[in-house]
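Visitor: The file below is entry21.tsv, TSV, C-alpha atoms:
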chain	number	residue	atom	x	y	z
A	1	MET	CA	0.00	0.00	0.00
A	2	ASP	CA	1.41	3.39	-1.05
A	3	LYS	CA	0.03	6.18	1.12
A	4	GLN	CA	1.40	9.74	1.19
A	5	ILE	CA	-0.16	12.72	2.95
A	6	PHE	CA	0.94	16.21	2.00
A	7	ALA	CA	-0.13	19.72	2.98
A	8	ALA	CA	0.03	22.52	0.40
A	9	ILE	CA	-0.22	26.19	1.27
A	10	GLU	CA	-0.56	29.36	-0.77
A	11	ILE	CA	-0.14	32.81	0.79
A	12	SER	CA	-2.20	35.04	-1.47
A	13	ASP	CA	-2.68	38.80	-1.24
A	14	HIS	CA	-5.78	38.51	0.96
A	15	GLU	CA	-5.97	34.99	2.38
A	16	ILE	CA	-4.18	31.77	3.28
A	17	ARG	CA	-5.24	28.77	1.20
A	18	LEU	CA	-4.52	25.33	2.60
A	19	ILE	CA	-5.22	21.86	1.22
A	20	ILE	CA	-4.44	18.56	2.94
A	21	GLY	CA	-4.34	15.76	0.39
A	22	GLU	CA	-3.67	12.05	0.30
A	23	PHE	CA	-2.09	10.00	-2.48
A	24	PHE	CA	-3.39	6.47	-1.94
A	25	ASN	CA	-1.81	4.06	-4.44
A	26	THR	CA	-2.58	5.94	-7.70
A	27	ARG	CA	-5.51	8.03	-6.46
A	28	PHE	CA	-5.54	11.53	-4.98
A	29	ASN	CA	-8.10	12.58	-2.38
A	30	VAL	CA	-8.61	15.91	-0.62
A	31	ILE	CA	-8.89	15.49	3.14
A	32	LYS	CA	-9.27	19.13	4.16
A	33	SER	CA	-9.33	22.55	2.50
A	34	SER	CA	-9.64	26.01	4.01
A	35	ARG	CA	-9.31	29.71	3.21
A	36	ILE	CA	-8.38	32.06	6.06
A	37	PRO	CA	-8.40	35.87	5.55
A	38	ALA	CA	-4.93	37.42	5.85
A	39	PHE	CA	-4.11	40.88	4.54
A	40	GLY	CA	-0.35	40.82	5.04
A	41	LEU	CA	0.93	40.42	1.48
A	42	THR	CA	0.76	42.74	-1.52
A	43	TYR	CA	1.65	41.56	-4.99
A	44	ASN	CA	5.40	41.88	-4.29
A	45	GLN	CA	6.15	42.20	-0.57
A	46	VAL	CA	5.18	41.07	2.92
A	47	THR	CA	3.59	44.07	4.64
A	48	ASP	CA	2.37	42.42	7.86
A	49	GLN	CA	4.26	39.29	8.83
A	50	GLU	CA	2.34	38.81	12.08
A	51	ALA	CA	-1.01	38.79	10.26
A	52	ILE	CA	0.25	36.08	7.90
A	53	ILE	CA	1.71	33.97	10.72
A	54	LYS	CA	-1.51	34.23	12.73
A	55	ALA	CA	-3.62	33.15	9.73
A	56	ILE	CA	-1.27	30.25	8.95
A	57	ARG	CA	-1.51	29.00	12.53
A	58	LYS	CA	-5.30	29.25	12.43
A	59	ALA	CA	-5.49	27.27	9.17
A	60	ILE	CA	-3.07	24.62	10.49
A	61	ASP	CA	-4.84	24.34	13.86
A	62	ASN	CA	-8.17	23.76	12.11
A	63	ALA	CA	-6.59	21.07	9.93
A	64	ASN	CA	-4.90	19.45	12.95
A	65	LYS	CA	-8.30	19.04	14.60
A	66	THR	CA	-9.72	17.43	11.47
A	67	LEU	CA	-6.81	14.99	11.08
A	68	ASP	CA	-6.31	14.48	14.84
A	69	VAL	CA	-2.55	14.67	14.20
A	70	ARG	CA	-0.13	17.57	13.85
A	71	ILE	CA	0.87	18.92	10.44
A	72	GLU	CA	4.64	19.30	10.61
A	73	ARG	CA	5.66	20.39	7.12
A	74	VAL	CA	4.11	21.89	3.99
A	75	ILE	CA	4.67	22.54	0.28
A	76	LEU	CA	4.72	26.27	-0.42
A	77	SER	CA	3.95	28.39	-3.48
A	78	ILE	CA	5.82	31.63	-4.20
A	79	PRO	CA	4.26	34.52	-6.19
A	80	SER	CA	5.79	34.76	-9.67
A	81	TYR	CA	7.33	38.17	-9.03
A	82	LYS	CA	10.45	39.15	-11.02
A	83	VAL	CA	10.75	35.62	-12.39
A	84	THR	CA	13.76	34.66	-14.48
A	85	CYS	CA	13.81	31.37	-16.42
A	86	LEU	CA	17.35	30.16	-17.15
A	87	PRO	CA	17.50	27.28	-19.68
A	88	LEU	CA	20.54	24.97	-19.38
A	89	LYS	CA	21.84	21.81	-21.05
A	90	VAL	CA	23.66	19.38	-18.79
A	91	ARG	CA	25.62	16.42	-20.17
A	92	LYS	CA	26.14	13.40	-17.90
A	93	LYS	CA	28.29	10.39	-18.78
A	94	ILE	CA	26.62	7.09	-17.88
A	95	ASP	CA	29.18	5.16	-15.88
A	96	SER	CA	27.12	2.31	-14.41
A	97	ILE	CA	28.38	-1.25	-14.95
A	98	ASP	CA	25.43	-2.25	-17.14
A	99	GLY	CA	25.45	1.07	-19.04
A	100	VAL	CA	21.83	2.04	-18.32
A	101	CYS	CA	20.51	5.41	-17.20
A	102	THR	CA	19.32	5.58	-13.58
A	103	ALA	CA	17.40	8.06	-11.44
A	104	GLN	CA	20.72	8.87	-9.78
A	105	ASP	CA	22.19	9.98	-13.14
A	106	ILE	CA	19.27	12.37	-13.65
A	107	ARG	CA	19.59	13.57	-10.05
A	108	GLU	CA	23.29	14.37	-10.52
A	109	ALA	CA	22.57	16.25	-13.77
A	110	VAL	CA	19.93	18.38	-12.06
A	111	GLN	CA	22.22	19.03	-9.07
A	112	ARG	CA	24.91	20.17	-11.50
A	113	ALA	CA	22.46	22.61	-13.03
A	114	MET	CA	21.47	23.90	-9.59
A	115	ALA	CA	25.10	24.78	-8.89
A	116	THR	CA	24.92	27.46	-11.62
A	117	LYS	CA	25.50	30.95	-10.27
A	118	ILE	CA	22.45	33.24	-10.43
A	119	PRO	CA	22.05	36.99	-9.73
A	120	GLU	CA	22.16	37.90	-6.02
A	121	ASP	CA	18.67	39.42	-5.99
A	122	LEU	CA	17.15	36.13	-7.17
A	123	ALA	CA	16.48	32.86	-5.36
A	124	LEU	CA	16.44	29.50	-7.13
A	125	ILE	CA	12.89	28.24	-6.61
A	126	GLN	CA	13.01	25.08	-8.69
A	127	ALA	CA	15.22	23.24	-11.19
A	128	VAL	CA	12.85	21.62	-13.70
A	129	PRO	CA	14.03	18.94	-16.16
A	130	VAL	CA	12.02	19.54	-19.33
A	131	LYS	CA	13.65	17.21	-21.84
A	132	TYR	CA	16.02	14.23	-21.88
A	133	THR	CA	18.18	13.17	-24.83
A	134	VAL	CA	19.71	9.68	-25.11
A	135	ASN	CA	21.06	7.99	-28.23
A	136	GLY	CA	20.06	10.99	-30.32
A	137	MET	CA	16.39	10.74	-29.29
A	138	SER	CA	14.66	13.39	-27.19
A	139	THR	CA	11.80	12.71	-24.79
A	140	ARG	CA	9.92	14.39	-21.93
A	141	ARG	CA	9.80	11.07	-20.09
A	142	MET	CA	12.66	10.15	-17.75
A	143	PRO	CA	14.79	7.59	-19.66
A	144	ILE	CA	15.36	5.35	-16.65
A	145	ASN	CA	16.78	1.91	-17.62
A	146	GLU	CA	17.61	3.14	-21.13
A	147	ARG	CA	21.00	1.84	-22.33
A	148	CYS	CA	23.24	4.75	-23.44
A	149	GLU	CA	26.70	6.29	-23.09
A	150	ASN	CA	25.64	9.89	-22.42
A	151	LEU	CA	22.59	11.62	-21.04
A	152	VAL	CA	21.71	15.22	-21.95
A	153	VAL	CA	19.17	16.94	-19.71
A	154	ASP	CA	17.52	20.26	-20.59
A	155	VAL	CA	16.94	21.96	-17.24
A	156	ASP	CA	15.07	25.21	-16.58
A	157	LEU	CA	16.18	27.10	-13.49
A	158	LEU	CA	13.10	28.98	-12.27
A	159	CYS	CA	14.18	31.93	-10.14
A	160	ALA	CA	12.17	34.63	-8.36
A	161	ASN	CA	12.67	37.64	-6.11
A	162	ARG	CA	14.95	36.55	-3.28
A	163	LYS	CA	13.59	38.81	-0.54
A	164	LEU	CA	9.95	37.90	-1.13
A	165	ALA	CA	10.73	34.17	-1.20
A	166	PHE	CA	12.77	34.33	2.01
A	167	ASP	CA	10.15	36.45	3.79
A	168	LEU	CA	7.39	33.93	3.00
A	169	VAL	CA	9.52	30.97	4.08
A	170	SER	CA	10.27	32.87	7.29
A	171	CYS	CA	6.54	33.25	7.96
A	172	LEU	CA	6.09	29.47	7.82
A	173	GLU	CA	9.11	28.80	10.00
A	174	LYS	CA	7.81	31.25	12.62
A	175	ALA	CA	4.49	29.39	12.48
A	176	ASP	CA	6.47	26.25	13.48
A	177	LEU	CA	6.26	24.60	10.06
A	178	GLU	CA	8.96	23.05	7.93
A	179	VAL	CA	8.98	23.80	4.20
A	180	MET	CA	9.20	20.56	2.20
A	181	ASP	CA	9.58	22.26	-1.19
A	182	ILE	CA	8.81	25.52	-3.01
A	183	PHE	CA	7.24	26.18	-6.42
A	184	LEU	CA	6.20	29.24	-8.39
A	185	ASP	CA	2.43	29.76	-8.31
A	186	ILE	CA	2.21	29.87	-12.13
A	187	PHE	CA	4.21	26.64	-12.41
A	188	ALA	CA	1.88	24.93	-9.91
A	189	ILE	CA	-1.16	26.11	-11.91
A	190	ALA	CA	0.42	24.70	-15.07
A	191	LYS	CA	0.81	21.34	-13.33
A	192	GLU	CA	-2.77	21.25	-12.11
A	193	GLY	CA	-4.24	22.01	-15.54
A	194	ALA	CA	-1.66	19.98	-17.52
A	195	PHE	CA	-0.89	23.20	-19.39
A	196	LEU	CA	2.79	22.30	-19.89
A	197	GLU	CA	1.71	19.35	-22.03
A	198	GLN	CA	-0.87	21.46	-23.89
A	199	GLY	CA	1.78	24.09	-24.58
A	200	VAL	CA	3.98	21.81	-26.70
A	201	GLY	CA	2.39	22.88	-29.99
A	202	GLN	CA	1.02	26.31	-29.08
A	203	ASN	CA	1.28	29.21	-26.65
A	204	ILE	CA	-0.61	28.92	-23.38
A	205	VAL	CA	-1.12	32.16	-21.46
A	206	ILE	CA	-2.12	31.74	-17.81
A	207	LEU	CA	-3.76	34.73	-16.15
A	208	LYS	CA	-3.87	34.40	-12.35
A	209	LEU	CA	-6.30	37.12	-11.34
A	210	GLU	CA	-6.17	37.99	-7.65
A	211	ARG	CA	-7.06	41.02	-5.49
A	212	SER	CA	-4.02	43.27	-5.97
A	213	SER	CA	-2.62	42.04	-9.29
A	214	THR	CA	-2.88	39.77	-12.31
A	215	THR	CA	0.05	37.45	-13.00
A	216	LEU	CA	0.66	36.44	-16.62
A	217	GLY	CA	2.58	33.24	-17.31
A	218	LEU	CA	3.67	32.19	-20.81
A	219	ILE	CA	4.07	28.49	-21.63
A	220	ASN	CA	5.64	27.49	-24.92
A	221	GLU	CA	7.30	24.29	-26.13
A	222	GLY	CA	6.16	22.57	-22.97
A	223	ARG	CA	8.03	24.86	-20.60
A	224	LEU	CA	7.41	28.00	-18.60
A	225	LYS	CA	9.09	30.77	-20.58
A	226	ALA	CA	8.21	34.01	-18.77
A	227	CYS	CA	6.06	35.65	-16.09
A	228	GLU	CA	4.86	39.23	-15.78
A	229	MET	CA	2.81	40.98	-13.11
A	230	TYR	CA	0.13	43.53	-14.01
A	231	ARG	CA	-0.72	45.70	-11.00
A	232	PHE	CA	-4.45	45.61	-11.53
A	233	GLY	CA	-6.74	43.10	-9.86
A	234	LEU	CA	-10.13	42.51	-8.29
A	235	ASN	CA	-9.56	45.15	-5.59
A	236	LYS	CA	-10.23	47.94	-8.11
A	237	MET	CA	-13.66	46.53	-8.84
A	238	ILE	CA	-14.37	45.75	-5.19
A	239	ASP	CA	-13.38	49.27	-4.12
A	240	SER	CA	-15.71	50.76	-6.75
A	241	ILE	CA	-18.62	48.76	-5.28
A	242	ASP	CA	-17.59	49.83	-1.76
A	243	ASP	CA	-17.50	53.50	-2.67
A	244	LYS	CA	-20.72	53.66	-4.66
A	245	PHE	CA	-22.98	51.60	-2.41
A	246	ASP	CA	-21.33	52.19	0.98
A	247	LEU	CA	-20.73	48.50	1.68
A	248	LYS	CA	-18.15	46.53	3.64
A	249	ASN	CA	-15.28	45.06	1.64
A	250	GLU	CA	-16.33	41.49	2.40
A	251	ILE	CA	-19.85	42.04	1.06
A	252	SER	CA	-18.59	43.85	-2.05
A	253	SER	CA	-16.22	40.99	-2.89
A	254	LYS	CA	-19.05	38.45	-2.63
A	255	LEU	CA	-21.28	40.57	-4.85
A	256	LEU	CA	-18.53	40.84	-7.46
A	257	ILE	CA	-17.64	37.15	-7.56
A	258	GLN	CA	-21.03	35.53	-6.92
A	259	ASN	CA	-23.63	37.95	-8.29
A	260	THR	CA	-22.07	39.67	-11.30
A	261	ARG	CA	-22.38	38.75	-14.98
A	262	LEU	CA	-19.96	40.67	-17.14
A	263	ASP	CA	-20.79	39.91	-20.76
A	264	LEU	CA	-24.49	40.70	-21.16
A	265	ALA	CA	-25.68	43.26	-23.71
A	266	LYS	CA	-28.51	44.30	-21.37
A	267	TYR	CA	-28.83	43.82	-17.61
A	268	SER	CA	-32.02	43.40	-15.64
A	269	ASP	CA	-33.37	45.64	-12.88
A	270	ASN	CA	-33.88	42.64	-10.62
A	271	PRO	CA	-32.39	43.19	-7.15
A	272	VAL	CA	-29.25	41.22	-6.25
A	273	TYR	CA	-28.74	42.74	-2.80
A	274	VAL	CA	-30.96	44.52	-0.26
A	275	TYR	CA	-29.49	46.31	2.77
A	276	ALA	CA	-29.97	49.33	5.01
A	277	VAL	CA	-27.85	52.44	5.71
A	278	ASN	CA	-28.80	54.50	8.78
A	279	GLY	CA	-32.16	52.79	8.83
A	280	VAL	CA	-32.91	53.55	5.19
A	281	ALA	CA	-33.50	50.52	2.93
A	282	ARG	CA	-31.44	50.31	-0.24
A	283	THR	CA	-31.47	47.94	-3.21
A	284	ILE	CA	-28.76	47.07	-5.71
A	285	SER	CA	-29.95	45.72	-9.05
A	286	GLU	CA	-27.96	43.66	-11.53
A	287	ASP	CA	-27.82	46.70	-13.79
A	288	ASP	CA	-26.49	48.91	-10.97
A	289	LEU	CA	-23.74	46.42	-10.18
A	290	ALA	CA	-22.70	45.97	-13.82
A	291	LYS	CA	-22.52	49.71	-14.55
A	292	CYS	CA	-20.48	50.27	-11.38
A	293	ILE	CA	-17.63	47.95	-12.36
A	294	GLN	CA	-17.67	48.29	-16.17
A	295	PRO	CA	-14.99	51.06	-16.23
A	296	ASP	CA	-12.64	48.90	-14.11
A	297	VAL	CA	-13.30	45.81	-16.24
A	298	LYS	CA	-12.44	47.84	-19.35
A	299	ILE	CA	-9.13	48.99	-17.81
A	300	TRP	CA	-8.27	45.38	-16.98
A	301	LEU	CA	-9.13	44.20	-20.50
A	302	ASP	CA	-7.02	47.01	-22.04
A	303	GLY	CA	-4.03	46.10	-19.88
A	304	ILE	CA	-4.24	42.38	-20.60
A	305	GLU	CA	-4.66	43.04	-24.33
A	306	ASN	CA	-1.45	45.11	-24.35
A	307	LEU	CA	0.44	42.36	-22.51
A	308	CYS	CA	-0.87	39.58	-24.76
A	309	ASN	CA	-0.53	41.24	-28.18
A	310	PRO	CA	3.19	40.39	-28.67
A	311	ILE	CA	2.45	36.77	-27.74
A	312	LEU	CA	-0.55	36.49	-30.07
A	313	GLN	CA	1.63	37.52	-33.00
A	314	GLN	CA	3.89	34.49	-32.42
A	315	GLY	CA	1.26	31.91	-33.29
A	316	GLN	CA	-1.68	29.89	-31.99
A	317	THR	CA	-2.53	30.87	-28.42
A	318	THR	CA	-4.98	29.79	-25.73
A	319	VAL	CA	-5.62	31.97	-22.68
A	320	ILE	CA	-6.57	30.55	-19.28
A	321	ILE	CA	-8.07	32.69	-16.49
A	322	THR	CA	-7.74	31.28	-12.98
A	323	GLY	CA	-7.07	32.37	-9.41
A	324	GLU	CA	-9.99	33.93	-7.54
A	325	GLY	CA	-10.87	35.91	-10.68
A	326	GLY	CA	-11.50	32.67	-12.55
A	327	GLU	CA	-14.88	32.58	-10.81
A	328	LEU	CA	-16.09	35.76	-12.55
A	329	ASN	CA	-19.01	34.98	-14.84
A	330	GLY	CA	-18.45	36.16	-18.42
A	331	LEU	CA	-14.91	37.54	-18.06
A	332	ASP	CA	-13.57	34.82	-20.36
A	333	ARG	CA	-16.04	35.75	-23.10
A	334	LEU	CA	-15.23	39.45	-22.84
A	335	LEU	CA	-11.51	38.76	-23.15
A	336	GLN	CA	-12.07	36.33	-26.01
A	337	ALA	CA	-13.91	39.05	-27.93
A	338	ARG	CA	-10.94	41.36	-27.39
A	339	LEU	CA	-8.12	38.95	-28.22
A	340	GLN	CA	-9.89	36.84	-30.87
A	341	VAL	CA	-8.37	33.64	-29.48
A	342	GLU	CA	-9.77	30.88	-27.27
A	343	VAL	CA	-10.14	32.06	-23.65
A	344	LYS	CA	-11.32	29.79	-20.82
A	345	ASN	CA	-11.99	30.15	-17.11
A	346	TYR	CA	-10.26	27.28	-15.33
A	347	CYS	CA	-11.66	25.58	-12.23
A	348	PRO	CA	-10.32	22.31	-10.73
A	349	ASP	CA	-12.67	19.34	-10.92
A	350	THR	CA	-11.24	17.61	-7.82
A	351	LEU	CA	-13.92	16.96	-5.22
A	352	GLY	CA	-13.58	19.30	-2.24
A	353	VAL	CA	-11.66	22.07	-4.03
A	354	ARG	CA	-13.91	23.00	-6.98
A	355	ASN	CA	-13.06	26.67	-6.91
A	356	SER	CA	-10.65	28.59	-9.14
A	357	ALA	CA	-8.95	30.08	-6.08
A	358	TYR	CA	-7.61	26.60	-5.20
A	359	THR	CA	-5.95	25.97	-8.59
A	360	CYS	CA	-2.43	26.91	-7.51
A	361	CYS	CA	-2.64	25.19	-4.14
A	362	LEU	CA	-3.89	21.98	-5.73
A	363	GLY	CA	-1.18	22.10	-8.38
A	364	LEU	CA	1.49	22.03	-5.68
A	365	PHE	CA	0.68	18.36	-5.02
A	366	TYR	CA	1.33	17.33	-8.63
A	367	ALA	CA	4.42	19.52	-8.93
A	368	TYR	CA	5.86	17.95	-5.77
A	369	LYS	CA	4.88	14.40	-6.72
A	370	ASP	CA	6.48	14.71	-10.17
A	371	GLN	CA	9.78	15.79	-8.60
A	372	LEU	CA	10.02	12.87	-6.15
A	373	PRO	CA	11.91	10.50	-8.51
A	374	ILE	CA	14.58	13.20	-8.81
A	375	THR	CA	14.65	14.62	-5.29
A	376	ASN	CA	14.19	11.21	-3.67
A	377	TYR	CA	12.43	12.83	-0.70
A	378	GLN	CA	10.79	10.33	1.66
A	379	VAL	CA	8.82	12.63	3.95
A	380	ASN	CA	5.14	13.33	4.61
A	381	SER	CA	3.45	16.36	6.08
A	382	VAL	CA	2.28	14.31	9.07
A	383	ASP	CA	3.42	11.29	11.03
A	384	ILE	CA	1.78	8.51	8.99
A	385	GLU	CA	1.74	6.02	11.88
A	386	ALA	CA	0.06	8.56	14.17
A	387	PHE	CA	-2.43	9.38	11.42
A	388	GLU	CA	-3.33	5.70	10.93
A	389	LYS	CA	-3.84	5.28	14.68
A	390	ALA	CA	-6.05	8.38	14.79
A	391	VAL	CA	-8.13	7.11	11.86
A	392	SER	CA	-8.45	3.64	13.43
A	393	PHE	CA	-9.51	5.17	16.76
A	394	ASN	CA	-12.10	7.40	15.09
A	395	LYS	CA	-13.52	4.44	13.17
A	396	LYS	CA	-13.76	2.42	16.38
A	397	SER	CA	-15.45	5.31	18.20
A	398	ASN	CA	-17.97	5.73	15.38
A	399	ASN	CA	-18.69	2.00	15.34
A	400	ASP	CA	-19.19	1.99	19.11
A	401	SER	CA	-21.59	4.90	18.76
A	402	GLU	CA	-23.50	3.15	15.98
A	403	GLU	CA	-23.74	-0.06	18.03
A	404	SER	CA	-24.98	1.93	21.00
A	405	ILE	CA	-27.70	3.60	18.91
A	406	THR	CA	-28.67	0.25	17.39
A	407	GLN	CA	-29.01	-1.29	20.85
A	408	LYS	CA	-31.23	1.60	21.97
A	409	LEU	CA	-33.45	1.20	18.90
A	410	ARG	CA	-33.70	-2.54	19.51
A	411	GLY	CA	-34.61	-1.89	23.10
A	412	ILE	CA	-37.33	0.60	22.13
A	413	LEU	CA	-38.76	-1.75	19.52
A	414	PHE	CA	-38.62	-4.69	21.87
A	415	GLU	CA	-40.40	-2.77	24.65
A	416	THR	CA	-43.00	-1.52	22.20
A	417	LYS	CA	-43.63	-5.02	20.93
A	418	LYS	CA	-44.05	-6.34	24.47
Could I get this file's structure written as structure tokens?
Guide:
Amino acid sequence: MDKQIFAAIEISDHEIRLIIGEFFNTRFNVIKSSRIPAFGLTYNQVTDQEAIIKAIRKAIDNANKTLDVRIERVILSIPSYKVTCLPLKVRKKIDSIDGVCTAQDIREAVQRAMATKIPEDLALIQAVPVKYTVNGMSTRRMPINERCENLVVDVDLLCANRKLAFDLVSCLEKADLEVMDIFLDIFAIAKEGAFLEQGVGQNIVILKLERSSTTLGLINEGRLKACEMYRFGLNKMIDSIDDKFDLKNEISSKLLIQNTRLDLAKYSDNPVYVYAVNGVARTISEDDLAKCIQPDVKIWLDGIENLCNPILQQGQTTVIITGEGGELNGLDRLLQARLQVEVKNYCPDTLGVRNSAYTCCLGLFYAYKDQLPITNYQVNSVDIEAFEKAVSFNKKSNNDSEESITQKLRGILFETKK
């Protein structure tokens, strides 16, 4: 039986997203997911470390109660801020007795790539093998047990802003958590949606739309080529709703994400929200809400169009909208009309995390799992033995409770019959 339990965490610009997942043999199941408000991160810097640490502890404590064991370590995503992708080719001579390529050969090639010097303001987030060449043949699959004299590995060094990465890792360490591994948020999204594979014959543009910014990631030839941050996000629209209707930020965000349709030619006067200000009843119609945010939506569309135009000129392109903004109804169709290419909102279909906001966090599991043959890590986020005991105890307790209830019912029926 192959059981692995991992915890993945994303520190976004307004909340902590946590997923506890289990790989059981070949299946993946979500055990616990949560979103805890935390306004301690902007698009490019930690502004309130204590707020982030407090929210992380709250999310972890809630998960600990669900699992009945302590989460000790997590997989972390890093915002794709000031990302640099450094492509390298590493040649490794196969010196095993039988002349076949092993996981250790690939591991040594990747470690050699990781020793490459990078600029001081960058941190190496991940070394990603994207292609292997043996006997003149190239493949994306690891050529383990292939007989050859030399192995050539194409490795992408994915680097990001050093200070931001270290500050986020520090937050987790101060919350008494160990970081198992780190990935760029755009790379994790690409893993979740299998966009690296889809990007072999075309361009894939990932738009991660969050509160303070929109992150654009370009995938081409099956690899992450570039990332860019556009400092315009959902907050602009939310603030417009706040200002016009005198609402709290939390209510405005729910109205935007859950009650707004963006691509209609005509909006109805049907009310979508009724509230009171100083004892005076007020109503917001669908038309009111749409007209309020239309100027901000247009600014966002203009900005994304400018960013995407150079990419569109390079060939066939598909655009994916995800992050919290992937829940916006009709945004994909508006952008498709602008860009004249296929645009889709992406939402995970995994039970328990069917929300676009979880796309990055969920992708961390697949990114981490795919790296295990190379990293050879043998750790879980929890003590597996303790987890199994907790599960066994809970099952026993539930069975005892069920037997007790059954006995009571039998007693009642028996008395009634008498």
Visitor: Taking (-14.6, 44.5, 0.2) in the file's own coordinates, collect the residues within 12 Å, counting all atoms listed in the file, and hand them back as a JSON list (two decimals) with C-alpha atoms, in the frame of the given file.
Guide:
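Just written: result01.json:
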[["chain", "number", "residue", "atom", "x", "y", "z"],
["A", 14, "HIS", "CA", -5.78, 38.51, 0.96],
["A", 37, "PRO", "CA", -8.40, 35.87, 5.55],
["A", 39, "PHE", "CA", -4.11, 40.88, 4.54],
["A", 211, "ARG", "CA", -7.06, 41.02, -5.49],
["A", 234, "LEU", "CA", -10.13, 42.51, -8.29],
["A", 235, "ASN", "CA", -9.56, 45.15, -5.59],
["A", 236, "LYS", "CA", -10.23, 47.94, -8.11],
["A", 237, "MET", "CA", -13.66, 46.53, -8.84],
["A", 238, "ILE", "CA", -14.37, 45.75, -5.19],
["A", 239, "ASP", "CA", -13.38, 49.27, -4.12],
["A", 240, "SER", "CA", -15.71, 50.76, -6.75],
["A", 241, "ILE", "CA", -18.62, 48.76, -5.28],
["A", 242, "ASP", "CA", -17.59, 49.83, -1.76],
["A", 243, "ASP", "CA", -17.50, 53.50, -2.67],
["A", 245, "PHE", "CA", -22.98, 51.60, -2.41],
["A", 246, "ASP", "CA", -21.33, 52.19, 0.98],
["A", 247, "LEU", "CA", -20.73, 48.50, 1.68],
["A", 248, "LYS", "CA", -18.15, 46.53, 3.64],
["A", 249, "ASN", "CA", -15.28, 45.06, 1.64],
["A", 250, "GLU", "CA", -16.33, 41.49, 2.40],
["A", 251, "ILE", "CA", -19.85, 42.04, 1.06],
["A", 252, "SER", "CA", -18.59, 43.85, -2.05],
["A", 253, "SER", "CA", -16.22, 40.99, -2.89],
["A", 254, "LYS", "CA", -19.05, 38.45, -2.63],
["A", 255, "LEU", "CA", -21.28, 40.57, -4.85],
["A", 256, "LEU", "CA", -18.53, 40.84, -7.46],
["A", 257, "ILE", "CA", -17.64, 37.15, -7.56]]
Visitor: Measuring between all atoms listed in the file, which one of A:Asn376, A:Thr116, A:Ser381, A:Asn329 shows the shortest distance to Glu178 in chain A?
Guide: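 Result for the nearest residue to Glu178 in chain A: A:Ser381.
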Visitor: Check which residues of range 210-285 of chain A sit at most 12 Å from range 119-134 of chain A using only C-alpha atoms, and return one row each with the closest pair of atoms and their distance in Å to one decimal, ordered by chain and rising number, as CSV.
Guide:
residue,atom,partner,partner_atom,distance
A:Asn220,CA,A:Val130,CA,11.6
A:Glu221,CA,A:Val130,CA,9.5
A:Gly222,CA,A:Val130,CA,7.5
A:Arg223,CA,A:Val130,CA,6.8
A:Leu224,CA,A:Val130,CA,9.7
A:Lys225,CA,A:Val130,CA,11.7
Visitor: Between CA of Ser33 in chain A and CA of Leu18 in chain A, what distance in Å does the model show, to one decimal?
Guide: 5.6 Å
Visitor: Which residue gives the smallest distance to Tyr368 in chain A among A:Val90, A:Ile182, A:Ala113, A:Ile19, with all atoms listed in the file counted?
Guide: A:Ile182
Visitor: Please identify all polymer residues lying at most 12 Å from the point (-4.1, 8.8, -5.8) (file coordinates), using only C-alpha atoms, and present the result as a list of chain:residue names.
Guide: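 Taken together, the residues in range are A:Met1, A:Asp2, A:Lys3, A:Gln4, A:Ile5, A:Phe6, A:Gly21, A:Glu22, A:Phe23, A:Phe24, A:Asn25, A:Thr26, A:Arg27, A:Phe28, A:Asn29, A:Val30, A:Thr350, A:Phe365, A:Tyr366, A:Lys369.
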Visitor: What does the distance from CA of Ala386 in chain A to CA of Phe183 in chain A come to in Å, to one decimal?
Guide: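 Distance reported for this atom pair: 28.0 Å.
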Visitor: Would you work out the distance separating CA of Trp300 in chain A from CA of Thr214 in chain A, expressed in Å to one decimal?
Guide: 9.1 Å
Visitor: Write out as a PyMOL selection string the residues lying within 12 Å of Met137 in chain A, counting all atoms listed in the file and excluding same-chain residues fewer than 5 positions away.
Guide: chain A and resi 131-132+143+146+148+150-153
Visitor: Compile the contact shell of Glu286 in chain A as a ChimeraX atom specification: residues with an atom at most 8 Å away, counting all atoms listed in the file, same-chain residues fewer than 6 positions apart removed.
Guide: /A:259-260,267-272
Visitor: Neighbours of Asp181 in chain A within 8 Å (all atoms listed in the file; same-chain residues fewer than 5 positions away dropped), as a list of chain:residue names?
Guide: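 The residues satisfying every condition are A:Val74, A:Ile75, A:Leu76, A:Tyr368.
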Visitor: Since the input lacks some atoms of range 375-380 of chain A, please model N, CA and C atoms and print them as a PDB file, in the coordinates of the input.
Guide:
ATOM      1  N   THR A 375      14.216  14.167  -6.617  1.00  0.00           N
ATOM      2  CA  THR A 375      14.650  14.620  -5.290  1.00  0.00           C
ATOM      3  C   THR A 375      14.861  13.473  -4.319  1.00  0.00           C
ATOM      4  N   ASN A 376      14.100  12.390  -4.521  1.00  0.00           N
ATOM      5  CA  ASN A 376      14.190  11.210  -3.670  1.00  0.00           C
ATOM      6  C   ASN A 376      13.784  11.513  -2.225  1.00  0.00           C
ATOM      7  N   TYR A 377      12.911  12.516  -2.040  1.00  0.00           N
ATOM      8  CA  TYR A 377      12.430  12.830  -0.700  1.00  0.00           C
ATOM      9  C   TYR A 377      11.519  11.703  -0.212  1.00  0.00           C
ATOM     10  N   GLN A 378      11.605  11.389   1.080  1.00  0.00           N
ATOM     11  CA  GLN A 378      10.790  10.330   1.660  1.00  0.00           C
ATOM     12  C   GLN A 378      10.038  10.831   2.884  1.00  0.00           C
ATOM     13  N   VAL A 379       9.487  12.036   2.785  1.00  0.00           N
ATOM     14  CA  VAL A 379       8.820  12.630   3.950  1.00  0.00           C
ATOM     15  C   VAL A 379       7.354  12.921   3.638  1.00  0.00           C
ATOM     16  N   ASN A 380       6.547  12.955   4.693  1.00  0.00           N
ATOM     17  CA  ASN A 380       5.140  13.330   4.610  1.00  0.00           C
ATOM     18  C   ASN A 380       4.919  14.575   5.441  1.00  0.00           C
TER      19      ASN A 380
END
